[in-house]
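A quick write-up on the structure given underneath.
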Amino acid sequence: MALDGLVVSALVHEFNNILPFNKIEKIYQPEVDEIVMHLRSQGKNLKLLLSVNSNYPRVHFTNVNKENPSTPPNFCMLLRKYLQGSKIVSITQPNFDRIIQFRFETFDELNMIKSIDLIIEMMGRHSNIILVDCESNKILDSIKRISLDVSRYRQVLPGLKYDTPPSQNKLNPLDITNLEEFHTALTRNSQDPIQRNIVNTFVGISPLISRELCYRSKIEENTLLNNLSQDNLEQLYNCFSSLIFKIKTNDFEPCFFINEKNNKYIDFSGINIEHLSLYKKTKTSSISSMLESFYIQRDQRERIQQKSHGLRKSISTKLDRLYNKMQNLHQDLKKAQKLDTYKLKGDLLTSNLYLIQKGDDKIEVINYYDENSSTITIALDRRLSPSQNAQSYYKKYNKSKNALLEVNHQLEKAKSEINYLEQIIISIDHSTYLSDLEEIHNELIETGYLKKRLNKKNITHFKQSGYLKYKSADGFEILVGKNNKQNDEITLKTADKEDLWFHIKDMPGSHVILKTGGQIPPERSLLEAANLAAYYSKAKGSPKIAVDYTLRKNVRKPKGAKPGMVIYEDYTTILANGEEIAIANIEQIS
C-alpha cells in the first residue's frame, strides 16, 4: 500500500507538465513531517504536498486546505529563504527508486543564478525531505536530521555531502532489455519464492506489482525460480517487459480498489491490477487525485489519533483515580451512616451509668427507643469509666456526623470532576482538526489538570477550526460544539435567547443550538437537532437516547463553573437516535 517506483515514475511524468513558466509563491509546513508548496504554472494556482509521514510518505498535488502554525518551523523558514520566488527546472526519479528530485533555479545575494535540489525520499520510517546545494552537493538542511546516534549507515545533517540511500544491491528494472538479462538478474535471489524474488531483485517493484506479474503469467507466487519451466519464464518476462514498456511510454492508468462490503480502501496503483478484480475499481484523472483520494481521510484520522493519544492517556489516568476515589468515598459513607447507632448507644449508656461496673467489657440494656423495648448489647472499653465510655460514643457520633458532611461534599466534587473529564474524552473523540486538540489542551492547563509546557519553542499554534454547522431539512441552522470552549461559545455568545438548546440527559455531551430566527421549528428539525446532540455524546451509537431541550434563555452558567458546564430549567425531553445513520442525511455546512 506504499508508493513504489512505478507510481513515483507516473508522478514525475505528471509533475513535468508543470515545468513551463512555473514559480514557487508560498511555502508552508502544516505538520512536523509535511511541506506544502504553492506554485503558479501556466496560469493555474497549484498546491504541491510533500509528506514524509512514516506510514504514508507521498508527493502529489492537493486541493486540501490544511491548518498552518502561526509561527513557521525552522525548516519551513529555510525553504522560504532559498526557494520562494524560484522556479522548478527539472524533476527526476533517480534509479527508478522511491525518490523525487526537484531542481530549482533562483538568484543568490549577488544576483547570480543558483541551483538548489529538493529531494524527497519516500521510504517508510526512513523518509525525508532534504535541501541540497547543487554546486557543492552539501546538505543545507532536512526536515528530519539523522545523526550518527540514529543511523551509523547514513547521516543526514547540514554541511555533510548528500549521498543517495543504499540501493540494497537491487537492479534498475528499466535497464533489463532481454530474457537472458532478466533470468540472470533473478538468479541473484533464486532461493526466494518468485514473487519475493522479483521484489528483492529490482528497485521500485512493490509486492503488489510482483504479485500482478505472477498473476498475469499464471505462475504460483511461491514457486522457486529453478522450478519454472522455460515457457513460464518467457511468459513472466513478457509480462515484465510489457510493464516496463508502459512505464517508458508513460502509459499509466491511475486507479484504486475498494472493498464495497466495508467501504475500505484496499490498494492503489499506476496500472490496472487484474488480481484485485474482486474489489471495486475506481479510475482517477491523475496520480495526484488517486493518492489524495486514497490517503486524505486515513492520514488525517491517524494524525488526530497520534496527537490525542497522550492527552487521552492523561485524562484516562485521572478518571481511573477518580473512579477509585468514588469507591472509597462510598465505603466511608457507609461507615459514616452509623452515626445514629453511636448516639443511641451514648444515650443508653448515660441512662444506665449506675449499672456499669468499671472493668466491664460490655453491658446489655433495654432499648427505650424501641417500641418493643428490646435489649441491646453495647461494647465497653475496660480502661474507661462508665461516663467516659458514654462520651466515647458521643465523640464517634460527632465525628461521623462531620465525616458524613465531608464525604457527601467530596462525592459531589468527585462526581463533578468525572462528568467534566468524561466530557473532555468525548471532545477528544469529536476532534476533527489539530486546533480542536490544542483548545482542549489549553483548557486542561487553565483548569489545572495539566501542567503548562515550559519549552515554548516546541508549542505549535494552529488556526482555530470552530464549531460544526448543520442545516436541518427545513432550512434551520444547527450548531454543534466539539469541545467545552466551543460549547460555551455557541451557548453563551452565539445563540439568541429564543433559540433552542439541546443536550443529552444526565450524561456528558456536546451543546447543540437550533437557530429558530424567531420561528417555531417543525418537529422534524427538533428531532434532527436532538439526534445530533445524541450522536455527539457519550451515548453515541445507541438507538434510543433521552435528550433535553429548552429555550436558550433557560440555560445559565453557575459562578466558578468549569468550561462547558451549565445548568438549565423548564425543559422538554425527547427520544433521539445516536446512531450515525440518524445524522447521515443532515446537511453539514462546515
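Identifiers in the C-alpha cells: chain A, B, ... in order shown; residue index from 1 per chain; ligand index from 1 in order shown.
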Exercise. Could you give me the residues within segment 475-571 of chain A that DSSP places in alpha helix (DSSP H), as JSON, numbers by chain?
Key: {"A": [484, 485, 486, 487, 488, 523, 524, 525, 526, 527, 528, 529, 530, 531, 532, 533, 534, 535]}
Self-check item: Nearby residues (only C-alpha atoms) at most 6 Å from Lys23 of chain A, same-chain spacing under 2 positions excluded, as an MDAnalysis selection string
Solution: chainID A and resid 39:40 86:87
How would the residues just picked look written out with N, CA and C atoms as a PDB file, in the first residue's frame?
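Result file is out14.pdb:
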```
ATOM      1  N   LEU A  39       2.414  26.969  -5.937  1.00  0.00           N
ATOM      2  CA  LEU A  39       3.129  27.400  -7.141  1.00  0.00           C
ATOM      3  C   LEU A  39       2.139  27.795  -8.228  1.00  0.00           C
ATOM      4  N   ARG A  40       2.618  28.602  -9.107  1.00  0.00           N
ATOM      5  CA  ARG A  40       1.796  29.034 -10.243  1.00  0.00           C
ATOM      6  C   ARG A  40       2.437  28.513 -11.518  1.00  0.00           C
ATOM      7  N   SER A  86      11.504  31.097  -6.616  1.00  0.00           N
ATOM      8  CA  SER A  86      12.308  30.353  -7.599  1.00  0.00           C
ATOM      9  C   SER A  86      11.396  29.588  -8.554  1.00  0.00           C
ATOM     10  N   LYS A  87      11.998  28.879  -9.493  1.00  0.00           N
ATOM     11  CA  LYS A  87      11.217  28.044 -10.405  1.00  0.00           C
ATOM     12  C   LYS A  87      11.857  26.666 -10.512  1.00  0.00           C
TER      13      LYS A  87
END
```
Practice problem: Would you mind listing what lies within 12 Å of segment 377-381 of chain A as a PyMOL selection string, with only C-alpha atoms counted and same-chain residues fewer than 4 positions away left out? | Solution: chain A and resi 341-349+352-353+356-367+385-393
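Between atom CA of Ile271 of chain A and atom CA of Pro193 of chain A the separation is 23.6 Å.
Reported to one decimal place, the separation of atom CA of Lys161 of chain A from atom CA of Ile24 of chain A is 25.8 Å.
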Practice problem: Taking the DSSP assignment computed from this structure's backbone, write out as a VMD selection string all residues of segment 408-554 of chain A that belong to strand (DSSP E or B). | Solution: chain A and resid 462 468 to 471 477 to 480 500 to 504 509 512 to 514 537 545 to 551
Dump as a PDB file, in the first residue's frame, selection limited to N, CA and C atoms:
```pdb
ATOM      1  N   PHE A 462      -2.223  26.519  16.091  1.00  0.00           N
ATOM      2  CA  PHE A 462      -2.961  26.386  14.844  1.00  0.00           C
ATOM      3  C   PHE A 462      -4.151  27.338  14.827  1.00  0.00           C
ATOM      4  N   LEU A 468     -19.168  23.015  14.678  1.00  0.00           N
ATOM      5  CA  LEU A 468     -19.778  22.441  13.484  1.00  0.00           C
ATOM      6  C   LEU A 468     -21.095  23.146  13.168  1.00  0.00           C
ATOM      7  N   LYS A 469     -21.401  23.241  11.882  1.00  0.00           N
ATOM      8  CA  LYS A 469     -22.660  23.839  11.449  1.00  0.00           C
ATOM      9  C   LYS A 469     -23.399  22.857  10.540  1.00  0.00           C
ATOM     10  N   TYR A 470     -24.679  22.661  10.844  1.00  0.00           N
ATOM     11  CA  TYR A 470     -25.539  21.809  10.024  1.00  0.00           C
ATOM     12  C   TYR A 470     -26.757  22.614   9.583  1.00  0.00           C
ATOM     13  N   LYS A 471     -27.451  22.087   8.582  1.00  0.00           N
ATOM     14  CA  LYS A 471     -28.720  22.699   8.156  1.00  0.00           C
ATOM     15  C   LYS A 471     -29.786  21.616   8.179  1.00  0.00           C
ATOM     16  N   GLU A 477     -30.617  26.442  10.821  1.00  0.00           N
ATOM     17  CA  GLU A 477     -29.205  26.212  11.118  1.00  0.00           C
ATOM     18  C   GLU A 477     -29.063  25.555  12.486  1.00  0.00           C
ATOM     19  N   ILE A 478     -28.184  24.545  12.556  1.00  0.00           N
ATOM     20  CA  ILE A 478     -27.922  23.829  13.808  1.00  0.00           C
ATOM     21  C   ILE A 478     -26.432  23.920  14.105  1.00  0.00           C
ATOM     22  N   LEU A 479     -26.083  24.360  15.312  1.00  0.00           N
ATOM     23  CA  LEU A 479     -24.688  24.498  15.728  1.00  0.00           C
ATOM     24  C   LEU A 479     -24.340  23.402  16.734  1.00  0.00           C
ATOM     25  N   VAL A 480     -23.137  22.828  16.592  1.00  0.00           N
ATOM     26  CA  VAL A 480     -22.687  21.759  17.487  1.00  0.00           C
ATOM     27  C   VAL A 480     -21.287  22.087  17.988  1.00  0.00           C
ATOM     28  N   LEU A 500     -33.229  27.343  20.485  1.00  0.00           N
ATOM     29  CA  LEU A 500     -33.409  26.139  21.301  1.00  0.00           C
ATOM     30  C   LEU A 500     -32.067  25.479  21.589  1.00  0.00           C
ATOM     31  N   TRP A 501     -31.895  25.075  22.838  1.00  0.00           N
ATOM     32  CA  TRP A 501     -30.646  24.463  23.317  1.00  0.00           C
ATOM     33  C   TRP A 501     -30.909  22.995  23.614  1.00  0.00           C
ATOM     34  N   PHE A 502     -30.059  22.110  23.098  1.00  0.00           N
ATOM     35  CA  PHE A 502     -30.231  20.659  23.264  1.00  0.00           C
ATOM     36  C   PHE A 502     -29.016  20.061  23.982  1.00  0.00           C
ATOM     37  N   HIS A 503     -29.264  19.036  24.808  1.00  0.00           N
ATOM     38  CA  HIS A 503     -28.169  18.313  25.473  1.00  0.00           C
ATOM     39  C   HIS A 503     -28.680  16.948  25.903  1.00  0.00           C
ATOM     40  N   ILE A 504     -27.834  15.930  25.774  1.00  0.00           N
ATOM     41  CA  ILE A 504     -28.219  14.599  26.221  1.00  0.00           C
ATOM     42  C   ILE A 504     -28.534  14.643  27.710  1.00  0.00           C
ATOM     43  N   GLY A 509     -21.923  15.391  26.969  1.00  0.00           N
ATOM     44  CA  GLY A 509     -22.176  15.504  25.540  1.00  0.00           C
ATOM     45  C   GLY A 509     -22.021  16.937  25.070  1.00  0.00           C
ATOM     46  N   VAL A 512     -25.888  21.690  21.665  1.00  0.00           N
ATOM     47  CA  VAL A 512     -26.423  21.839  20.306  1.00  0.00           C
ATOM     48  C   VAL A 512     -27.437  22.979  20.317  1.00  0.00           C
ATOM     49  N   ILE A 513     -27.292  23.886  19.368  1.00  0.00           N
ATOM     50  CA  ILE A 513     -28.191  25.040  19.259  1.00  0.00           C
ATOM     51  C   ILE A 513     -28.969  24.959  17.948  1.00  0.00           C
ATOM     52  N   LEU A 514     -30.294  25.034  18.044  1.00  0.00           N
ATOM     53  CA  LEU A 514     -31.142  25.116  16.859  1.00  0.00           C
ATOM     54  C   LEU A 514     -31.546  26.580  16.695  1.00  0.00           C
ATOM     55  N   SER A 537     -22.243  12.675  21.851  1.00  0.00           N
ATOM     56  CA  SER A 537     -22.336  12.493  23.302  1.00  0.00           C
ATOM     57  C   SER A 537     -21.715  11.163  23.694  1.00  0.00           C
ATOM     58  N   ILE A 545     -32.167   7.433  22.958  1.00  0.00           N
ATOM     59  CA  ILE A 545     -31.484   8.244  23.961  1.00  0.00           C
ATOM     60  C   ILE A 545     -32.368   9.435  24.332  1.00  0.00           C
ATOM     61  N   ALA A 546     -32.462   9.703  25.619  1.00  0.00           N
ATOM     62  CA  ALA A 546     -33.236  10.860  26.080  1.00  0.00           C
ATOM     63  C   ALA A 546     -32.395  12.125  25.934  1.00  0.00           C
ATOM     64  N   VAL A 547     -32.956  13.120  25.251  1.00  0.00           N
ATOM     65  CA  VAL A 547     -32.290  14.408  25.046  1.00  0.00           C
ATOM     66  C   VAL A 547     -33.209  15.518  25.565  1.00  0.00           C
ATOM     67  N   ASP A 548     -32.655  16.402  26.393  1.00  0.00           N
ATOM     68  CA  ASP A 548     -33.408  17.547  26.901  1.00  0.00           C
ATOM     69  C   ASP A 548     -33.225  18.739  25.976  1.00  0.00           C
ATOM     70  N   TYR A 549     -34.291  19.536  25.823  1.00  0.00           N
ATOM     71  CA  TYR A 549     -34.133  20.792  25.095  1.00  0.00           C
ATOM     72  C   TYR A 549     -34.985  21.870  25.744  1.00  0.00           C
ATOM     73  N   THR A 550     -34.515  23.086  25.638  1.00  0.00           N
ATOM     74  CA  THR A 550     -35.185  24.226  26.244  1.00  0.00           C
ATOM     75  C   THR A 550     -34.774  25.496  25.512  1.00  0.00           C
ATOM     76  N   LEU A 551     -35.431  26.603  25.816  1.00  0.00           N
ATOM     77  CA  LEU A 551     -35.021  27.878  25.250  1.00  0.00           C
ATOM     78  C   LEU A 551     -33.660  28.264  25.799  1.00  0.00           C
TER      79      LEU A 551
END
```
